[in-house]
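Visitor: Dropping in protein.txt, with compact mmCIF, C-alpha atoms.
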```txt
# COMPACT_ATOMS: atom_id res chain seq x y z
CA MET G 251 -22.51 -32.03 227.39
CA PRO G 252 -26.30 -31.76 227.05
CA ALA G 253 -28.36 -31.40 230.21
CA ASP G 254 -29.24 -34.61 232.02
CA ARG G 255 -32.72 -35.96 231.43
CA ALA G 256 -34.80 -38.26 233.58
CA GLY G 257 -33.74 -41.75 232.61
CA TYR G 258 -31.54 -41.85 229.49
CA THR G 259 -28.81 -43.45 231.61
CA VAL G 260 -26.67 -46.54 231.06
CA THR G 261 -25.04 -47.88 234.22
CA MET G 262 -22.36 -50.57 234.01
CA PHE G 263 -21.65 -52.56 237.17
CA VAL G 264 -18.09 -53.95 237.02
CA ILE G 265 -17.89 -56.59 239.76
CA ASP G 266 -14.83 -58.41 241.09
CA VAL G 267 -15.49 -62.15 241.60
CA SER G 268 -11.97 -63.20 242.60
CA PRO G 269 -11.58 -65.97 245.24
CA SER G 270 -10.89 -63.43 248.00
CA LEU G 271 -14.51 -62.23 247.70
CA GLY G 272 -15.56 -65.53 249.27
CA LYS G 273 -14.24 -64.40 252.67
CA MET G 274 -16.98 -64.49 255.32
CA ARG G 275 -18.08 -61.52 257.41
CA THR G 276 -20.77 -60.88 260.01
CA ILE G 277 -23.39 -58.19 259.48
CA GLN G 278 -25.93 -56.89 261.96
CA LEU G 279 -29.63 -57.41 261.32
CA PRO G 280 -32.54 -55.35 262.66
CA PRO G 281 -33.57 -56.38 266.20
CA GLY G 282 -36.10 -59.19 266.49
CA PRO G 283 -39.64 -58.89 267.86
CA ASP G 284 -38.35 -59.27 271.42
CA GLY G 285 -35.63 -56.64 270.86
CA LYS G 286 -32.87 -59.23 270.72
CA LEU G 287 -29.87 -58.33 268.60
CA ARG G 288 -29.41 -60.51 265.52
CA SER G 289 -26.62 -61.08 263.01
CA LYS G 290 -25.75 -63.37 260.13
CA GLY G 291 -22.67 -64.44 258.20
CA ILE G 292 -22.33 -63.69 254.48
CA THR G 293 -19.46 -63.47 252.01
CA ASN G 294 -17.90 -60.18 251.00
CA LEU G 295 -19.33 -60.67 247.51
CA GLU G 296 -22.88 -61.11 248.83
CA TRP G 297 -22.43 -57.99 250.93
CA ALA G 298 -21.27 -55.97 247.92
CA LEU G 299 -24.07 -57.33 245.72
CA GLU G 300 -26.61 -55.86 248.15
CA PHE G 301 -25.61 -52.42 246.82
CA VAL G 302 -26.03 -53.55 243.21
CA LEU G 303 -29.41 -55.12 243.96
CA LEU G 304 -30.66 -51.94 245.62
CA LYS G 305 -29.62 -49.81 242.65
CA VAL G 306 -31.16 -52.19 240.09
CA HIS G 307 -34.33 -52.50 242.18
CA GLU G 308 -34.64 -48.71 242.08
CA MET G 309 -34.37 -48.76 238.27
CA ILE G 310 -37.11 -51.39 238.09
CA LEU G 311 -39.42 -49.32 240.27
CA ASN G 312 -38.83 -46.24 238.12
CA GLY G 313 -40.06 -48.23 235.14
CA ARG G 314 -38.22 -46.16 232.53
CA LYS G 315 -37.19 -47.92 229.35
CA THR G 316 -34.34 -45.43 229.06
CA ASP G 317 -32.90 -46.38 232.47
CA GLN G 318 -30.66 -49.31 231.52
CA CYS G 319 -27.84 -51.29 233.07
CA GLY G 320 -25.38 -54.09 232.39
CA VAL G 321 -23.03 -56.25 234.46
CA ILE G 322 -19.38 -57.07 233.73
CA LEU G 323 -17.58 -59.66 235.87
CA PHE G 324 -13.78 -59.84 236.11
CA GLY G 325 -12.04 -62.81 237.65
CA THR G 326 -14.22 -65.40 235.89
CA THR G 327 -12.93 -68.74 234.60
CA GLU G 328 -14.17 -67.93 231.08
CA SER G 329 -13.47 -64.99 228.78
CA ARG G 330 -16.54 -63.63 227.02
CA ASN G 331 -16.55 -59.94 226.12
CA CYS G 332 -16.58 -57.74 223.02
CA VAL G 333 -12.91 -56.68 223.26
CA HIS G 334 -11.68 -60.27 223.66
CA LEU G 335 -13.72 -61.46 220.68
CA GLU G 336 -12.44 -58.66 218.44
CA HIS G 337 -8.81 -58.13 219.51
CA GLY G 338 -7.98 -60.97 221.89
CA GLY G 339 -6.57 -60.52 225.37
CA TYR G 340 -8.72 -59.20 228.22
CA GLU G 341 -9.13 -62.70 229.57
CA ASN G 342 -11.16 -63.73 232.61
CA VAL G 343 -13.65 -60.93 231.91
CA THR G 344 -17.28 -61.83 231.16
CA GLU G 345 -20.20 -59.73 229.97
CA TYR G 346 -22.60 -61.36 232.42
CA ILE G 347 -25.69 -59.23 231.69
CA SER G 348 -26.03 -57.28 228.44
CA ILE G 349 -27.18 -53.67 228.61
CA THR G 350 -30.97 -53.55 228.77
CA GLN G 351 -33.83 -52.33 230.91
CA PRO G 352 -33.57 -54.31 234.17
CA THR G 353 -36.33 -56.67 235.27
CA THR G 354 -36.86 -59.03 238.19
CA LYS G 355 -34.93 -61.64 236.22
CA THR G 356 -31.94 -59.28 236.37
CA LEU G 357 -32.16 -59.38 240.17
CA ASP G 358 -32.16 -63.19 240.08
CA MET G 359 -29.05 -63.26 237.88
CA ILE G 360 -27.18 -60.81 240.12
CA SER G 361 -28.11 -62.80 243.23
CA ALA G 362 -26.69 -65.94 241.58
CA ILE G 363 -23.16 -64.48 241.21
CA ARG G 364 -20.58 -66.48 243.19
CA PRO G 365 -16.80 -66.14 243.73
CA SER G 366 -14.64 -67.95 241.18
CA THR G 367 -11.25 -69.60 241.41
CA VAL G 368 -9.38 -67.10 239.18
CA HIS G 369 -7.96 -63.71 240.12
CA GLY G 370 -9.19 -60.83 237.96
CA ASP G 371 -7.73 -57.65 236.48
CA ALA G 372 -9.76 -54.58 237.43
CA LEU G 373 -8.35 -52.45 234.58
CA ASP G 374 -9.38 -55.08 232.02
CA GLY G 375 -12.90 -55.09 233.45
CA LEU G 376 -13.03 -51.29 233.37
CA ILE G 377 -11.86 -51.09 229.75
CA VAL G 378 -14.34 -53.77 228.66
CA ALA G 379 -17.14 -51.83 230.38
CA ILE G 380 -16.16 -48.63 228.56
CA GLN G 381 -16.13 -50.36 225.17
CA THR G 382 -19.39 -52.24 225.82
CA GLN G 383 -21.09 -49.01 226.83
CA THR G 384 -19.74 -47.18 223.78
CA ASN G 385 -20.87 -49.91 221.38
CA HIS G 386 -24.35 -49.89 222.86
CA LEU G 387 -24.92 -46.13 222.82
CA GLY G 388 -23.36 -45.39 219.45
CA ARG G 389 -24.17 -41.75 218.67
CA LYS G 390 -26.54 -41.16 221.59
CA ALA G 391 -24.50 -38.29 222.98
CA SER G 392 -27.31 -37.03 225.21
CA TRP G 393 -27.30 -40.15 227.38
CA THR G 394 -25.55 -40.22 230.75
CA CYS G 395 -22.89 -42.92 231.17
CA LYS G 396 -22.13 -44.38 234.59
CA ILE G 397 -19.66 -47.08 235.64
CA VAL G 398 -19.60 -48.59 239.14
CA LEU G 399 -16.49 -50.67 239.94
CA ILE G 400 -16.82 -52.98 242.96
CA THR G 401 -13.77 -54.79 244.36
CA ASP G 402 -12.03 -55.80 247.58
CA GLY G 403 -8.62 -54.81 246.21
CA GLU G 404 -6.95 -58.09 247.21
CA SER G 405 -6.00 -59.35 243.72
CA GLU G 406 -2.74 -58.14 242.21
CA PHE G 407 -2.80 -56.90 238.61
CA ALA G 408 -0.72 -54.78 236.25
CA THR G 409 -1.55 -51.08 236.54
CA SER G 410 0.44 -49.89 233.52
CA GLY G 411 -1.57 -47.84 231.05
CA TRP G 412 -4.19 -46.69 233.55
CA GLU G 413 -3.67 -43.09 232.45
CA LYS G 414 -5.19 -43.88 229.03
CA ALA G 415 -8.21 -45.46 230.70
CA ALA G 416 -8.70 -42.32 232.80
CA GLU G 417 -8.39 -40.11 229.70
CA ARG G 418 -10.98 -42.24 227.90
CA LEU G 419 -13.39 -41.93 230.83
CA ASN G 420 -12.97 -38.14 230.82
CA GLU G 421 -13.35 -38.00 227.04
CA LEU G 422 -16.67 -39.86 227.19
CA ASP G 423 -17.75 -37.91 230.31
CA VAL G 424 -18.40 -41.11 232.26
CA HIS G 425 -19.46 -40.81 235.90
CA THR G 426 -17.19 -43.38 237.58
CA THR G 427 -17.69 -44.73 241.10
CA ILE G 428 -15.19 -47.06 242.78
CA ILE G 429 -16.57 -48.99 245.75
CA GLY G 430 -14.04 -50.86 247.86
CA ILE G 431 -14.86 -53.49 250.44
CA ASP G 432 -13.29 -52.41 253.76
CA PHE G 433 -11.48 -49.49 252.14
CA ASP G 434 -10.28 -46.87 254.61
CA ASP G 435 -12.41 -43.76 255.11
CA GLU G 436 -12.69 -40.95 257.63
CA GLY G 437 -14.25 -43.11 260.34
CA TYR G 438 -12.71 -46.52 259.60
CA THR G 439 -9.25 -48.04 259.08
CA GLU G 440 -8.94 -51.74 258.37
CA LYS G 441 -6.60 -53.57 260.71
CA GLY G 442 -4.19 -56.19 259.36
CA LYS G 443 -4.58 -55.02 255.77
CA SER G 444 -2.51 -57.06 253.31
CA GLU G 445 0.25 -55.39 251.33
CA PRO G 446 -1.39 -56.03 247.89
CA LYS G 447 -4.62 -54.44 249.11
CA ARG G 448 -2.74 -51.45 250.51
CA ARG G 449 -1.02 -50.88 247.14
CA ASN G 450 -4.24 -51.39 245.17
CA GLU G 451 -6.18 -49.00 247.40
CA MET G 452 -3.55 -46.31 246.79
CA PHE G 453 -3.81 -47.00 243.05
CA TYR G 454 -7.61 -46.68 243.07
CA ARG G 455 -7.39 -43.37 244.91
CA GLU G 456 -4.91 -42.06 242.33
CA LEU G 457 -7.15 -43.29 239.49
CA GLU G 458 -10.20 -41.60 241.04
CA SER G 459 -8.32 -38.31 241.40
CA GLN G 460 -7.62 -38.24 237.65
CA ILE G 461 -11.27 -38.79 236.65
CA VAL G 462 -13.35 -35.62 236.37
CA HIS G 463 -16.57 -37.30 237.49
CA GLY G 464 -14.90 -39.82 239.78
CA ARG G 465 -15.84 -40.94 243.29
CA LEU G 466 -14.37 -43.50 245.68
CA GLY G 467 -15.82 -44.88 248.88
CA SER G 468 -16.23 -47.94 251.02
CA CYS G 469 -19.01 -50.46 250.57
CA TYR G 470 -20.34 -49.66 254.04
CA LEU G 471 -20.84 -45.97 253.17
CA ALA G 472 -22.36 -46.92 249.80
CA LEU G 473 -24.99 -49.09 251.49
CA GLU G 474 -25.73 -46.33 253.99
CA ASP G 475 -26.15 -43.88 251.11
CA CYS G 476 -28.74 -46.19 249.52
CA ALA G 477 -30.91 -45.85 252.63
CA LEU G 478 -31.18 -42.07 252.15
CA PRO G 479 -34.00 -40.61 250.02
CA GLU G 480 -32.85 -39.73 246.53
CA ILE G 481 -33.65 -36.33 245.09
CA LYS G 482 -34.67 -36.62 241.46
CA PHE G 483 -34.15 -33.69 239.14
CA ILE G 484 -37.00 -32.86 236.80
CA LYS G 485 -37.42 -30.26 234.06
CA PRO G 486 -41.15 -29.71 233.52
CA PRO G 487 -42.15 -27.50 230.59
CA ALA G 488 -43.11 -23.89 231.26
CA LYS G 489 -46.68 -22.68 230.70
CA ASN G 490 -47.57 -19.36 229.13
CA ILE G 491 -50.04 -17.53 231.37
CA THR G 492 -51.43 -14.05 232.02
CA PHE G 493 -50.38 -12.40 235.29
CA THR G 494 -53.16 -9.95 236.28
CA ILE G 495 -53.03 -7.19 238.89
CA GLY G 496 -56.42 -5.67 239.64
CA ASP G 497 -59.97 -6.39 238.48
CA HIS G 498 -59.70 -6.89 234.73
CA GLU G 499 -63.42 -7.71 234.38
CA PHE G 500 -65.14 -4.67 235.95
CA LYS G 501 -62.24 -2.18 236.17
CA LEU G 502 -60.39 -2.93 233.00
CA GLY G 503 -58.77 0.50 232.84
CA GLU G 504 -57.16 0.07 236.26
CA ALA G 505 -56.00 -3.52 235.79
CA ILE G 506 -52.58 -4.55 234.55
CA GLU G 507 -52.01 -7.70 232.53
CA ILE G 508 -48.50 -9.11 232.06
CA SER G 509 -47.58 -11.97 229.76
CA ALA G 510 -45.63 -14.42 231.89
CA ARG G 511 -44.38 -17.98 232.12
CA VAL G 512 -44.63 -20.33 235.09
CA HIS G 513 -42.99 -23.69 235.74
CA LYS G 514 -42.58 -26.02 238.72
CA VAL G 515 -39.39 -25.85 240.76
CA THR G 516 -40.22 -28.68 243.16
CA VAL G 517 -42.68 -31.54 242.80
CA GLU G 518 -44.07 -33.68 245.58
CA ALA G 519 -42.63 -37.19 245.44
CA SER G 520 -45.39 -39.77 245.36
CA PRO G 521 -44.91 -43.43 246.36
CA MET G 522 -44.57 -46.07 243.69
CA THR G 523 -47.85 -47.49 242.44
CA LEU G 524 -48.52 -51.02 243.64
CA LYS G 525 -49.39 -53.81 241.27
CA LYS G 526 -51.05 -57.05 242.35
CA PHE G 527 -49.42 -60.40 241.61
CA ILE G 528 -50.34 -64.02 242.15
CA LYS G 529 -47.92 -66.85 242.94
CA ARG G 530 -47.67 -69.69 240.46
CA GLU G 531 -45.50 -72.79 240.69
CA SER G 532 -44.54 -74.75 237.60
CA THR G 533 -42.15 -77.60 236.85
CA THR G 534 -39.73 -76.47 234.17
CA CYS G 535 -37.10 -78.07 232.03
CA ASN G 536 -35.96 -74.80 230.49
CA ASP G 537 -35.89 -71.25 231.79
CA VAL G 538 -39.23 -69.71 232.62
CA HIS G 539 -40.32 -67.24 229.99
CA GLY G 540 -41.06 -63.78 231.31
CA ASP G 541 -39.51 -61.57 233.91
CA THR G 542 -41.37 -62.54 237.06
CA THR G 543 -39.30 -65.46 238.43
CA VAL G 544 -38.43 -64.81 242.05
CA GLU G 545 -37.54 -68.19 243.57
CA SER G 546 -36.27 -71.61 242.54
CA ARG G 547 -36.38 -74.86 244.54
CA ALA G 548 -36.32 -78.62 244.12
CA GLY G 549 -39.61 -80.47 243.74
CA ASP G 550 -40.69 -83.53 245.71
CA ASP G 551 -40.03 -85.81 242.74
CA GLY G 552 -36.52 -84.50 242.22
CA GLY G 553 -37.56 -82.15 239.40
CA SER G 554 -37.00 -78.43 239.35
CA THR G 555 -39.86 -76.10 240.21
CA ARG G 556 -39.98 -72.33 240.00
CA THR G 557 -42.21 -70.01 241.96
CA THR G 558 -43.17 -67.08 239.80
CA LEU G 559 -45.14 -63.92 240.38
CA VAL G 560 -47.63 -63.34 237.58
CA ALA G 561 -49.15 -59.88 237.18
CA VAL G 562 -52.93 -59.76 237.59
CA ASP G 563 -54.75 -57.71 234.98
CA ARG G 564 -57.82 -55.87 236.22
CA GLU G 565 -61.11 -55.82 234.37
CA LYS G 566 -63.99 -53.47 235.13
CA LYS G 567 -67.60 -54.59 234.69
CA TYR G 568 -70.83 -52.70 235.29
CA LEU G 569 -73.61 -54.81 236.82
CA VAL G 570 -77.24 -54.07 237.70
CA LYS G 571 -78.58 -55.97 240.67
CA SER G 572 -81.64 -58.06 239.86
CA GLN G 573 -84.89 -57.61 241.80
CA PRO G 574 -85.80 -60.53 244.13
CA GLU G 575 -88.57 -62.76 242.78
CA MET G 576 -91.61 -64.08 244.69
CA GLY G 577 -91.65 -67.77 245.66
CA THR G 578 -93.27 -70.31 243.30
CA GLU G 579 -94.95 -73.66 243.84
CA THR G 580 -92.71 -76.67 244.47
CA GLU G 581 -92.39 -79.08 241.58
CA THR G 582 -90.27 -82.11 240.72
CA LYS G 583 -87.11 -81.16 238.73
CA THR G 584 -84.38 -83.10 237.01
CA GLN G 585 -80.70 -82.74 237.90
CA THR G 586 -80.06 -80.77 234.70
CA GLN G 587 -82.83 -78.30 235.56
CA VAL G 588 -81.44 -77.87 239.06
CA GLN G 589 -77.97 -77.09 237.68
CA GLU G 590 -79.40 -74.57 235.20
CA GLU G 591 -81.38 -72.83 237.93
CA LEU G 592 -78.31 -72.67 240.17
CA ALA G 593 -76.36 -71.04 237.34
CA GLN G 594 -79.18 -68.54 236.81
CA GLU G 595 -79.25 -67.74 240.54
CA ASP G 596 -75.48 -67.06 240.51
CA GLU G 597 -75.97 -64.72 237.57
CA LYS G 598 -78.80 -62.92 239.39
CA LYS G 599 -76.66 -62.49 242.50
CA SER G 600 -73.86 -60.89 240.52
CA GLY G 601 -76.31 -58.85 238.45
CA MET G 602 -76.94 -58.17 234.80
CA GLN G 603 -73.96 -56.80 232.91
CA VAL G 604 -74.35 -53.36 231.33
CA HIS G 605 -72.18 -51.89 228.58
CA ALA G 606 -70.20 -48.78 229.50
CA ASP G 607 -71.67 -46.82 226.55
CA ASP G 608 -75.17 -47.19 228.06
CA LEU G 609 -74.23 -45.45 231.31
CA VAL G 610 -75.16 -41.87 232.18
CA LYS G 611 -73.62 -39.62 234.81
CA GLY G 612 -75.57 -38.51 237.84
CA HIS G 613 -75.16 -36.88 241.25
CA LYS G 614 -76.94 -37.85 244.43
CA TYR G 615 -79.06 -35.04 245.86
CA GLY G 616 -80.53 -36.24 249.15
CA ALA G 617 -82.31 -39.50 248.37
CA THR G 618 -82.66 -38.66 244.67
CA TRP G 619 -80.26 -39.20 241.81
CA VAL G 620 -80.04 -36.24 239.41
CA ILE G 621 -79.01 -37.21 235.88
CA MET G 622 -76.43 -34.88 234.30
CA GLU G 623 -76.66 -34.22 230.60
CA ASP G 624 -73.53 -34.50 228.46
CA GLY G 625 -73.83 -31.09 226.83
CA LEU G 626 -73.34 -28.93 229.92
CA GLU G 627 -71.48 -25.70 229.37
CA LYS G 628 -68.16 -25.37 231.16
CA LEU G 629 -67.45 -22.42 233.40
CA PRO G 630 -65.60 -19.63 231.58
CA THR G 631 -62.06 -19.77 232.98
CA LYS G 632 -58.76 -18.26 231.97
CA LEU G 633 -55.32 -19.75 232.53
CA GLY G 634 -53.31 -17.36 234.66
CA ILE G 635 -52.52 -15.88 238.07
CA GLU G 636 -54.59 -13.02 239.49
CA VAL G 637 -53.51 -10.82 242.41
CA ILE G 638 -56.54 -10.17 244.65
CA GLY G 639 -54.80 -8.45 247.57
CA PHE G 640 -51.69 -8.01 249.68
CA MET G 641 -50.53 -8.97 253.18
CA HIS G 642 -47.61 -7.91 255.32
CA ALA G 643 -44.62 -10.23 255.04
CA SER G 644 -44.35 -10.58 258.84
CA LYS G 645 -47.81 -12.21 258.99
CA LEU G 646 -46.86 -15.07 256.67
CA ASN G 647 -47.38 -18.49 258.21
CA ARG G 648 -44.37 -20.63 257.34
CA SER G 649 -46.60 -23.65 256.80
CA TYR G 650 -47.99 -21.93 253.70
CA LEU G 651 -44.63 -22.53 252.01
CA MET G 652 -44.85 -26.31 252.40
CA GLY G 653 -45.73 -27.89 249.10
CA GLU G 654 -44.87 -27.46 245.47
CA VAL G 655 -42.94 -24.32 244.47
CA HIS G 656 -43.45 -22.54 241.15
CA CYS G 657 -41.25 -20.00 239.41
CA LEU G 658 -42.86 -16.98 237.72
CA SER G 659 -41.02 -15.01 235.04
CA ALA G 660 -42.03 -12.50 232.40
CA ASP G 661 -42.24 -13.32 228.71
CA HIS G 662 -38.68 -13.61 227.36
CA ASN G 663 -39.67 -11.91 224.11
CA SER G 664 -41.33 -8.84 225.65
CA ALA G 665 -39.18 -6.18 227.28
CA HIS G 666 -42.32 -4.28 228.32
CA ASP G 667 -43.63 -7.24 230.33
CA GLN G 668 -40.21 -7.85 231.88
CA ILE G 669 -39.98 -4.25 233.13
CA ALA G 670 -43.58 -4.33 234.42
CA LEU G 671 -43.10 -7.56 236.41
CA SER G 672 -39.72 -6.39 237.75
CA SER G 673 -41.25 -3.10 238.92
CA PHE G 674 -44.11 -4.91 240.64
CA ILE G 675 -41.71 -7.21 242.51
CA ARG G 676 -39.49 -4.27 243.46
CA ALA G 677 -42.48 -2.39 244.87
CA MET G 678 -43.47 -5.36 247.04
CA VAL G 679 -39.91 -5.58 248.42
CA ILE G 680 -39.91 -1.86 249.32
CA LYS G 681 -43.32 -2.10 251.01
CA ASP G 682 -42.44 -5.47 252.62
CA VAL G 683 -45.68 -7.05 251.46
CA LEU G 684 -46.64 -10.29 249.74
CA ALA G 685 -49.19 -10.75 246.96
CA ILE G 686 -52.22 -12.95 247.49
```
Is it possible to express this structure as structure tokens?

Guide:
Amino acid sequence: MPADRAGYTVTMFVIDVSPSLGKMRTIQLPPGPDGKLRSKGITNLEWALEFVLLKVHEMILNGRKTDQCGVILFGTTESRNCVHLEHGGYENVTEYISITQPTTKTLDMISAIRPSTVHGDALDGLIVAIQTQTNHLGRKASWTCKIVLITDGESEFATSGWEKAAERLNELDVHTTIIGIDFDDEGYTEKGKSEPKRRNEMFYRELESQIVHGRLGSCYLALEDCALPEIKFIKPPAKNITFTIGDHEFKLGEAIEISARVHKVTVEASPMTLKKFIKRESTTCNDVHGDTTVESRAGDDGGSTRTTLVAVDREKKYLVKSQPEMGTETETKTQTQVQEELAQEDEKKSGMQVHADDLVKGHKYGATWVIMEDGLEKLPTKLGIEVIGFMHASKLNRSYLMGEVHCLSADHNSAHDQIALSSFIRAMVIKDVLAI
């Protein structure tokens, strides 16, 4: 399989909405301002959807068009999926959200999922997810396929033919995660577990063991895992540089130049950029166009209103402050003249607008501004790494190693440069010194 790339991933969330998911549970909330412990009651489905919402929210923040997801529900009253339309069967399975780049509207749709009155078949939902994912990707073999199955394991279903489903997952190299609500793990065993759930949990563990990229865990551990920082793998391109030992400018005969390549091994993770929004309420008959709807409520007149967050676009203007004018004699003015003068005063306060092409660069030197001409010559620089000295390895301050790490290697096409760089590194190891 080709190496994973940032993004280029299709994640299918296969969610059980059987009636048993409506069972209530109590979860602990962070302490209040006075330190008092708090809790609230939610359904098992709402608790499981918190994991889905966190994962989709992370995709939205990444902002990659190639980071896509879809949602399949099993246990629904209707049957709407690609396999059912083409071959029949696979009932009570619905393609709730088609595969696409997630938006805030995706979060709204996931939050609106509720338990149904029909028991679902997890294998049917899994097979529909595989086929939906395959139809969407087509020949995009370099994309990573992920399927996340979420269930409480209470609904009974036929498990015959699961071996073919596992073979298909391995054939397509799908990373499959099974998340069970109140499934047993190393630190937890559910008391009073029903017999159907006990059998289903054993089945899911056997299914996971036959999947090459398979994982199984409880919903509690999955939510805890979401709170941990995620390490993202990157593959930045390597740069061709010149690795210089000695003074190549004044002592050219004593200097050594090695053709090398350098690339980043670690990159500092920066926080997501913030974007400003403004709230806007509107009465709607149909769905609000756009992807910024975050809340829906009833209006005072019985109509439906939606509170949306609309992105604010920034505009930059260059203004020159006007000089204050001396007072003039008082004279009688009409209302129109007064309004015109008020408008002119507002314009003077904001300043006269200047086009960006008319600006010149300058630096402040004391109380004087020095204008910089556009045609300044740049300093003669050369891309590379130059060794200016050595220090003993024991004197290295460990704080110097905090930051981004780069990897230096010799030119792959030059055996001479490879031997030269290897000899230099070997000499530093023998002398126990580090290059500066």

Visitor: Grab the CA of Pro487 in chain G to CA of His666 in chain G distance for me, in Å with one decimal place.

Guide: 23.3 Å

Visitor: Rounded to one decimal place, report the CA of Phe263 in chain G-CA of Thr409 in chain G distance in Å.

Guide: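 Between CA of Phe263 in chain G and CA of Thr409 in chain G the gap works out to 20.2 Å.
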
Visitor: Compare G:Ser649, G:Asn420, G:Asn294, G:Ser329 by their minimum atom-to-atom distance to Ile380 in chain G, counting only C-alpha atoms, and give me the closest one.

Guide: G:Asn420

Visitor: Could you check the closest approach to His513 in chain G for each of G:Lys489, G:Arg418, G:Lys443, G:His337 and tell me which residue wins, using only C-alpha atoms?

Guide: G:Lys489

Visitor: Measuring atom to atom with all atoms listed in the file, identify which of G:His463, G:Arg364, G:Arg330, G:His307 is nearest to Lys396 in chain G.

Guide: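 The answer is G:His463, which sits nearest to Lys396 in chain G.
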
Visitor: Quick one: distance from CA of Ala379 in chain G to CA of Tyr470 in chain G in Å, one decimal?

Guide: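 Taking CA of Ala379 in chain G and CA of Tyr470 in chain G, their separation equals 24.0 Å.
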
Visitor: Find, counting only C-alpha atoms, the residue in G:Lys441, G:Lys273, G:His425, G:His613 that gets nearest to Val398 in chain G.

Guide: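 Smallest separation from Val398 in chain G among the options: G:His425.
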
Visitor: Using only C-alpha atoms, list the residues that have an atom at most 6 Å from (-11.1, -64.1, 234.1), coordinates as in the file, as an NGL selection string.

Guide: :G and (324-329 or 341-343 or 370)

Visitor: Do you know which residues are at most 9 Å from Gln318 in chain G counting only C-alpha atoms, after dropping those on the same chain fewer than 3 positions away, and could you put them as a PyMOL selection string?

Guide: chain G and resi 257-262+309+314-315+349-352
